[in-house]
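The file model-v4.tsv contains TSV, C-alpha atoms and all ligand atoms:
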```
chain	number	residue	atom	x	y	z
A	1	MET	CA	41.29	19.66	-31.51
A	2	ASP	CA	41.96	16.21	-32.96
A	3	GLU	CA	39.17	14.85	-35.15
A	4	SER	CA	39.69	11.32	-33.77
A	5	ASN	CA	38.60	12.55	-30.30
A	6	ILE	CA	35.20	13.71	-31.52
A	7	SER	CA	32.16	11.52	-31.70
A	8	PHE	CA	30.01	12.92	-34.48
A	9	PHE	CA	27.09	10.54	-33.97
A	10	ASP	CA	25.04	9.35	-31.01
A	11	LYS	CA	23.96	5.71	-30.49
A	12	GLU	CA	20.98	6.22	-32.79
A	13	GLY	CA	23.15	7.60	-35.57
A	14	ARG	CA	22.01	11.18	-35.03
A	15	ARG	CA	24.44	14.04	-35.55
A	16	LEU	CA	25.66	16.62	-33.03
A	17	ASP	CA	22.61	18.81	-33.74
A	18	GLY	CA	20.19	15.87	-33.81
A	19	ARG	CA	19.95	15.56	-37.60
A	20	ARG	CA	20.06	12.36	-39.60
A	21	VAL	CA	22.88	12.02	-42.16
A	22	ASP	CA	20.58	13.03	-45.04
A	23	GLU	CA	18.90	15.98	-43.34
A	24	LEU	CA	19.35	19.67	-44.12
A	25	ARG	CA	19.56	22.28	-41.39
A	26	PRO	CA	16.43	24.40	-40.85
A	27	LEU	CA	15.98	26.74	-43.78
A	28	LYS	CA	14.31	30.13	-44.01
A	29	ILE	CA	14.14	32.40	-47.09
A	30	GLU	CA	12.72	35.92	-47.24
A	31	VAL	CA	12.48	37.85	-50.51
A	32	GLY	CA	12.60	41.62	-51.08
A	33	VAL	CA	14.01	42.62	-47.71
A	34	LEU	CA	15.95	45.70	-48.87
A	35	ALA	CA	14.06	48.72	-50.18
A	36	ARG	CA	16.98	50.27	-52.08
A	37	ALA	CA	18.20	47.18	-53.90
A	38	ASP	CA	16.66	46.05	-57.20
A	39	GLY	CA	16.40	42.57	-55.72
A	40	SER	CA	17.23	41.11	-52.34
A	41	CYS	CA	16.98	38.03	-50.20
A	42	TYR	CA	17.68	37.03	-46.61
A	43	ILE	CA	18.47	33.40	-45.93
A	44	GLU	CA	19.05	31.31	-42.83
A	45	MET	CA	20.60	27.87	-43.33
A	46	GLY	CA	21.02	26.53	-39.82
A	47	GLY	CA	23.34	28.97	-38.02
A	48	ASN	CA	24.18	30.89	-41.22
A	49	LYS	CA	22.50	34.26	-41.65
A	50	VAL	CA	23.19	35.81	-45.02
A	51	ILE	CA	21.76	38.70	-47.02
A	52	ALA	CA	22.07	39.20	-50.78
A	53	ALA	CA	21.44	42.44	-52.66
A	54	VAL	CA	21.32	42.80	-56.45
A	55	TYR	CA	21.74	46.10	-58.31
A	56	GLY	CA	21.33	46.46	-62.06
A	57	PRO	CA	21.57	46.03	-64.90
A	58	ARG	CA	23.19	49.46	-64.66
A	59	GLU	CA	26.02	51.47	-66.14
A	60	VAL	CA	29.52	50.04	-65.60
A	61	HIS	CA	32.04	51.97	-63.53
A	62	PRO	CA	34.91	52.03	-64.29
A	63	ARG	CA	33.90	52.20	-67.95
A	64	HIS	CA	36.86	50.23	-69.31
A	65	LEU	CA	35.24	47.09	-67.79
A	66	GLN	CA	32.32	47.37	-70.24
A	67	GLU	CA	31.68	44.46	-72.61
A	68	VAL	CA	30.04	45.43	-75.91
A	69	THR	CA	28.09	42.20	-76.32
A	70	ARG	CA	26.94	41.44	-72.78
A	71	ALA	CA	26.53	42.56	-69.21
A	72	ILE	CA	29.31	41.77	-66.79
A	73	VAL	CA	28.43	40.14	-63.47
A	74	ARG	CA	30.23	41.18	-60.28
A	75	TYR	CA	29.83	39.21	-57.06
A	76	ARG	CA	31.19	40.37	-53.73
A	77	TYR	CA	31.16	37.92	-50.85
A	78	ASN	CA	31.88	39.59	-47.53
A	79	MET	CA	31.98	38.21	-44.02
A	80	ALA	CA	31.06	40.68	-41.30
A	81	SER	CA	33.69	40.93	-38.57
A	82	PHE	CA	31.02	39.93	-36.01
A	83	SER	CA	29.88	36.89	-38.02
A	84	VAL	CA	32.34	34.46	-36.40
A	85	GLU	CA	33.33	33.69	-32.81
A	86	GLU	CA	36.62	35.54	-32.87
A	87	ARG	CA	36.36	38.92	-34.57
A	88	LYS	CA	37.31	38.61	-38.24
A	89	ARG	CA	39.55	41.32	-39.62
A	90	PRO	CA	37.26	43.47	-41.80
A	91	GLY	CA	37.80	43.75	-45.53
A	92	PRO	CA	38.62	41.41	-48.39
A	93	ASP	CA	41.09	38.55	-48.02
A	94	ARG	CA	42.18	35.57	-50.12
A	95	ARG	CA	39.23	33.50	-48.96
A	96	SER	CA	36.64	36.16	-49.84
A	97	TYR	CA	38.22	36.66	-53.30
A	98	GLU	CA	38.01	32.92	-53.94
A	99	LEU	CA	34.43	32.64	-52.72
A	100	SER	CA	33.37	35.69	-54.76
A	101	LYS	CA	34.93	34.16	-57.88
A	102	VAL	CA	33.47	30.67	-57.56
A	103	SER	CA	30.04	32.02	-56.57
A	104	ARG	CA	29.95	34.35	-59.58
A	105	GLU	CA	30.95	31.45	-61.82
A	106	ALA	CA	28.18	29.34	-60.28
A	107	LEU	CA	25.51	31.92	-61.20
A	108	GLU	CA	26.80	33.43	-64.45
A	109	PRO	CA	25.89	30.50	-66.76
A	110	VAL	CA	22.15	31.01	-66.17
A	111	ILE	CA	22.09	34.83	-66.42
A	112	LEU	CA	21.08	36.09	-69.88
A	113	THR	CA	23.85	38.67	-69.96
A	114	SER	CA	23.56	39.23	-73.75
A	115	TYR	CA	20.28	41.11	-73.11
A	116	PHE	CA	22.19	43.95	-71.47
A	117	PRO	CA	25.35	44.89	-73.39
A	118	ARG	CA	27.70	47.45	-71.81
A	119	SER	CA	26.09	47.10	-68.38
A	120	VAL	CA	26.79	45.44	-65.04
A	121	ILE	CA	24.82	43.29	-62.65
A	122	ASP	CA	26.21	43.67	-59.13
A	123	VAL	CA	25.59	41.02	-56.48
A	124	PHE	CA	26.57	41.77	-52.89
A	125	VAL	CA	26.52	38.98	-50.34
A	126	GLU	CA	26.96	39.84	-46.68
A	127	VAL	CA	27.47	37.08	-44.15
A	128	LEU	CA	26.00	38.27	-40.84
A	129	GLN	CA	26.49	34.98	-38.99
A	130	ALA	CA	28.64	32.07	-40.16
A	131	ASP	CA	28.30	28.40	-39.31
A	132	ALA	CA	29.89	26.60	-42.30
A	133	GLY	CA	28.32	26.58	-45.72
A	134	THR	CA	28.23	30.35	-46.11
A	135	ARG	CA	29.16	30.16	-49.81
A	136	THR	CA	26.20	27.83	-50.46
A	137	ALA	CA	23.84	30.07	-48.44
A	138	GLY	CA	25.18	33.10	-50.34
A	139	ILE	CA	24.61	31.50	-53.75
A	140	ASN	CA	21.06	30.45	-52.79
A	141	ALA	CA	20.26	33.96	-51.58
A	142	ALA	CA	21.89	35.58	-54.62
A	143	SER	CA	19.90	33.41	-57.02
A	144	VAL	CA	16.62	34.45	-55.35
A	145	ALA	CA	17.73	38.11	-55.24
A	146	LEU	CA	18.54	38.01	-58.99
A	147	ALA	CA	15.05	36.67	-59.70
A	148	ASP	CA	13.57	39.32	-57.38
A	149	ALA	CA	15.45	41.98	-59.37
A	150	GLY	CA	13.80	40.68	-62.54
A	151	ILE	CA	17.12	39.68	-64.12
A	152	PRO	CA	16.34	37.27	-66.97
A	153	MET	CA	17.76	33.85	-66.15
A	154	ARG	CA	17.59	30.45	-67.83
A	155	SER	CA	16.82	28.92	-64.44
A	156	MET	CA	17.49	29.28	-60.72
A	157	ILE	CA	20.72	28.09	-59.11
A	158	THR	CA	20.71	26.14	-55.86
A	159	SER	CA	23.69	25.26	-53.73
A	160	CYS	CA	24.36	22.78	-50.96
A	161	ALA	CA	27.29	20.81	-49.53
A	162	ALA	CA	27.83	17.22	-48.52
A	163	GLY	CA	30.71	16.17	-46.28
A	164	LYS	CA	32.42	13.23	-44.64
A	165	VAL	CA	32.59	12.94	-40.87
A	166	GLY	CA	33.48	9.87	-38.82
A	167	ASP	CA	33.77	7.98	-42.15
A	168	GLN	CA	30.13	8.73	-42.98
A	169	ILE	CA	28.77	10.91	-45.77
A	170	VAL	CA	26.48	13.63	-44.40
A	171	LEU	CA	24.36	16.37	-45.93
A	172	ASP	CA	24.90	20.07	-45.22
A	173	PRO	CA	27.74	19.97	-42.64
A	174	MET	CA	27.60	22.52	-39.83
A	175	LYS	CA	30.66	24.17	-38.30
A	176	GLU	CA	31.94	21.35	-36.05
A	177	GLU	CA	31.51	18.84	-38.89
A	178	ASP	CA	33.19	21.17	-41.37
A	179	ASN	CA	36.12	22.05	-39.09
A	180	PHE	CA	36.84	18.60	-37.71
A	181	GLY	CA	35.42	16.39	-40.46
A	182	GLN	CA	37.29	14.55	-43.22
A	183	ALA	CA	35.81	16.23	-46.32
A	184	ASP	CA	33.52	19.04	-47.46
A	185	MET	CA	32.08	19.17	-50.97
A	186	PRO	CA	29.92	22.16	-51.91
A	187	ILE	CA	28.04	22.06	-55.21
A	188	ALA	CA	25.66	24.36	-57.08
A	189	MET	CA	23.26	23.27	-59.80
A	190	THR	CA	20.26	24.13	-61.95
A	191	PRO	CA	16.94	22.38	-61.23
A	192	SER	CA	17.60	20.16	-64.27
A	193	GLY	CA	20.86	18.92	-62.74
A	194	GLU	CA	23.56	20.94	-64.53
A	195	ILE	CA	26.42	21.47	-62.09
A	196	THR	CA	27.86	25.00	-61.98
A	197	LEU	CA	30.03	24.64	-58.86
A	198	LEU	CA	31.93	21.65	-57.52
A	199	GLN	CA	34.59	22.06	-54.88
A	200	MET	CA	36.25	19.58	-52.62
A	201	ASP	CA	38.14	20.01	-49.41
A	202	GLY	CA	39.57	16.72	-48.08
A	203	HIS	CA	39.47	13.22	-49.54
A	204	LEU	CA	36.67	10.94	-50.75
A	205	SER	CA	36.88	7.56	-52.44
A	206	GLN	CA	35.05	7.18	-55.75
A	207	ASP	CA	32.10	5.48	-54.02
A	208	GLN	CA	31.98	8.16	-51.33
A	209	PHE	CA	32.11	10.85	-54.00
A	210	HIS	CA	29.05	9.39	-55.75
A	211	GLN	CA	27.26	9.08	-52.43
A	212	ALA	CA	28.10	12.69	-51.52
A	213	MET	CA	27.02	13.90	-54.93
A	214	GLU	CA	23.67	12.11	-54.64
A	215	LEU	CA	23.08	13.57	-51.18
A	216	ALA	CA	24.06	17.12	-52.21
A	217	ILE	CA	21.76	16.92	-55.26
A	218	LYS	CA	18.90	15.81	-53.02
A	219	GLY	CA	19.65	18.75	-50.68
A	220	CYS	CA	19.62	21.18	-53.63
A	221	ARG	CA	16.26	19.87	-54.78
A	222	ASP	CA	14.73	20.56	-51.34
A	223	ILE	CA	16.28	24.03	-51.16
A	224	TYR	CA	15.08	24.81	-54.69
A	225	ASN	CA	11.49	24.06	-53.67
A	226	LEU	CA	11.75	26.64	-50.89
A	227	GLN	CA	13.46	29.22	-53.15
A	228	ARG	CA	10.61	28.82	-55.62
A	229	LYS	CA	7.92	28.96	-52.94
A	230	SER	CA	9.38	32.08	-51.32
A	231	LEU	CA	9.42	33.90	-54.69
A	232	ILE	CA	5.84	32.86	-55.46
A	233	ASP	CA	4.70	33.95	-51.97
A	234	ARG	CA	6.43	37.30	-52.41
A	235	TYR	CA	4.71	38.00	-55.72
A	236	ASN	CA	1.30	36.84	-54.50
A	237	GLN	CA	1.78	39.18	-51.56
A	238	LEU	CA	2.68	42.10	-53.88
A	239	GLU	CA	-0.29	41.36	-56.14
A	240	ASN	CA	-2.65	41.37	-53.15
A	241	VAL	CA	-1.28	44.70	-51.96
A	242	GLU	CA	-1.78	46.17	-55.42
A	243	ALA	CA	-5.27	44.69	-55.69
A	244	GLU	CA	-6.41	46.14	-52.35
A	245	PRO	CA	-8.82	49.06	-52.81
A	246	VAL	CA	-7.11	52.37	-52.20
A	247	GLU	CA	-8.90	54.45	-49.59
A	248	GLU	CA	-10.40	57.60	-51.00
A	249	VAL	CA	-8.51	60.68	-49.85
A	250	LYS	CA	-10.91	63.46	-48.91
A	251	ALA	CA	-9.90	67.02	-49.55
A	252	CYS	CA	-9.47	69.09	-46.39
A	253	ASP	CA	-12.13	71.69	-45.73
B	301	LIG	P1	31.97	28.03	-46.07
B	301	LIG	O1	31.44	29.04	-45.09
B	301	LIG	O2	31.45	28.24	-47.44
B	301	LIG	O3	31.81	26.60	-45.59
B	301	LIG	P2	34.79	27.71	-45.40
B	301	LIG	O4	34.81	26.22	-45.54
B	301	LIG	O5	35.99	28.48	-45.84
B	301	LIG	O6	33.55	28.32	-46.21
B	301	LIG	O7	34.51	28.11	-43.89
B	301	LIG	C1	33.81	27.26	-43.02
B	301	LIG	C2	33.41	28.03	-41.80
B	301	LIG	O8	34.58	28.39	-41.06
B	301	LIG	C3	32.71	29.36	-42.05
B	301	LIG	O9	31.35	29.23	-42.38
B	301	LIG	C4	32.92	30.03	-40.74
B	301	LIG	O10	32.00	29.56	-39.77
B	301	LIG	C5	34.33	29.60	-40.37
B	301	LIG	N1	35.30	30.63	-40.79
B	301	LIG	C6	35.70	30.93	-42.03
B	301	LIG	N2	36.58	31.96	-42.03
B	301	LIG	C7	36.73	32.32	-40.75
B	301	LIG	C8	37.50	33.33	-40.08
B	301	LIG	N3	38.29	34.18	-40.73
B	301	LIG	N4	37.39	33.39	-38.73
B	301	LIG	C9	36.61	32.53	-38.06
B	301	LIG	N5	35.86	31.57	-38.62
B	301	LIG	C10	35.92	31.47	-39.95
```

Mind converting the file's structure to structure tokens?
Ligand code: ADP
Amino acid sequence: MDESNISFFDKEGRRLDGRRVDELRPLKIEVGVLARADGSCYIEMGGNKVIAAVYGPREVHPRHLQEVTRAIVRYRYNMASFSVEERKRPGPDRRSYELSKVSREALEPVILTSYFPRSVIDVFVEVLQADAGTRTAGINAASVALADAGIPMRSMITSCAAGKVGDQIVLDPMKEEDNFGQADMPIAMTPSGEITLLQMDGHLSQDQFHQAMELAIKGCRDIYNLQRKSLIDRYNQLENVEAEPVEEVKACD
């Protein structure tokens, strides 16, 4: 389809899904969803449904990957074959290697790896449903799952994209905007504004770049508030369960 044939905005300036240019898609975060992982998180960012599982720190296999002064971090991004309209061929491909690498690099700077020499922290990200922005959803979920696993971190990491469609800068592009738009710029950052991921697909002028950056940072701030809230809710919930009086078990006659 030719991008010039698509109208991305209605007469009131609303986008194809009714959002304003500076609006995120609906966001949902659930913490501690997997019993066998040390930390886990399920996230929905619009049509994206992504789960992250964290294991470790634990022993490194194969052993030759061990680092004597720090833990290594492994990140595996995987898209389920049923996550997209036309069945995706299962297994790793160039795209998943790239996304795994940049996502790991987005998270690694805040993980206190020197606390755990000779060990590994494994992060698995499974995309169950994809609608553009799966790397940002994966990083957001992974950051929460790392915190849920009790991995010491300097701070959380939050990720969000801004894009350009119909010559306008928009926050958090969905699939049609990503596929037929003019640019897509995912970022990841700490709450204090340190950027740990910056990618760009397409072209932006210097002014548009600054505009996109500002919008993406605003998006990250909103997502961070929900990441924080969902972790606090989870731990309040666990505390309440622990505080509940345990029913006395009577011995059988
Ligand atoms: P991101 O999901 O981080 O935006 P891309 O820009 O590479 O990463 O992909 C944009 C969207 O294109 C994905 O979220 C997904 O909806 C779709 N997509 C990616 N790879 C495939 C594929 N192999 N088959 C079908 N759709 C895909």

Would you mind listing the residues within 9 Å of ligand LIG 301 (chain B), counting all atoms listed in the file, as a PyMOL selection string? chain A and resi 47-48+79+81+83-89+93+95-96+99+127+129-138+161+173-176+178-179+184+186+201

In terms of the shortest atom-to-atom distance over all atoms listed in the file, which of A:Gln199, A:Thr113, A:Ser230, A:Asn78 is closest to Arg94 of chain A? A:Asn78

If I take atom CA of Leu107 of chain A and atom CA of Leu24 of chain A, how far is one from the other in Å, to one decimal? 21.9 Å

Rank nothing, just name the residue among A:Lys28, A:Arg221, A:Lys11, A:Arg118 nearest to Thr69 of chain A, using only C-alpha atoms.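 Using only C-alpha atoms, Thr69 of chain A sits closest to A:Arg118.
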
Out of A:Met200, A:Val54, A:Val120, A:Leu128, which residue has the shortest atom-to-atom distance to Met185 of chain A when counting all atoms listed in the file?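 Under the stated criterion, the closest residue is A:Met200.
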
Expressed in Å to a single decimal, how great is the separation between atom CA of Pro90 of chain A and atom CA of Arg63 of chain A? 27.8 Å

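Atom to atom, atom CA of Gly18 of chain A and atom CA of Phe180 of chain A stand 17.3 Å apart.
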
Given all atoms listed in the file as the basis, pick out the residue of A:Ala212, A:Cys220, A:Leu204, A:Val125 nearest to Thr158 of chain A.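 Closest to Thr158 of chain A of all the choices is A:Cys220.
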
Is it possible to get the residues within 6 Å of (34.1, 16.6, -45.0) (coordinates as in the file, counting all atoms listed in the file) written as a PyMOL selection string? chain A and resi 163-165+178+181-184

Find the residues near Val123 of chain A: any atom within 10 Å, counting all atoms listed in the file, skip ones fewer than 2 places away on the same chain, and give them as a count of residues only. 24

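By all atoms listed in the file, and with residues fewer than 5 positions from Ala71 of chain A along its chain excluded, the set lying at most 10 Å from it is Gly56, Pro57, Arg58, Glu59, Val60, Leu65, Gln66, Ile111, Leu112, Thr113, Ser114, Tyr115, Phe116, Pro117, Arg118, Ser119, Val120 and Ile121 of chain A.
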
Centre and edges of the segment 100-105 of chain A box, axis-aligned, 6 Å extra per side, as lines of an AutoDock Vina configuration file:
```
center_x = 32.4
center_y = 33.2
center_z = -58.3
size_x = 17.0
size_y = 17.0
size_z = 19.1
```

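The shell of residues at most 8 Å from Val144 of chain A, with only C-alpha atoms counted and near chain neighbours (fewer than 6 positions) removed, consists of Val31, Ser40, Cys41, Met156, Gln227 and Leu231 of chain A.
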
Selection near Phe8 of chain A, 7 Å with only C-alpha atoms, sequence-local residues under 6 positions removed, as a list in words: Arg15, Leu16, Val165 and Gly166 of chain A

Using all atoms listed in the file: which of A:Tyr224, A:Tyr235, A:Tyr42, A:Phe9 has the shortest distance to Phe124 of chain A: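 Ranking A:Tyr224, A:Tyr235, A:Tyr42, A:Phe9 by distance to Phe124 of chain A, first place goes to A:Tyr42.
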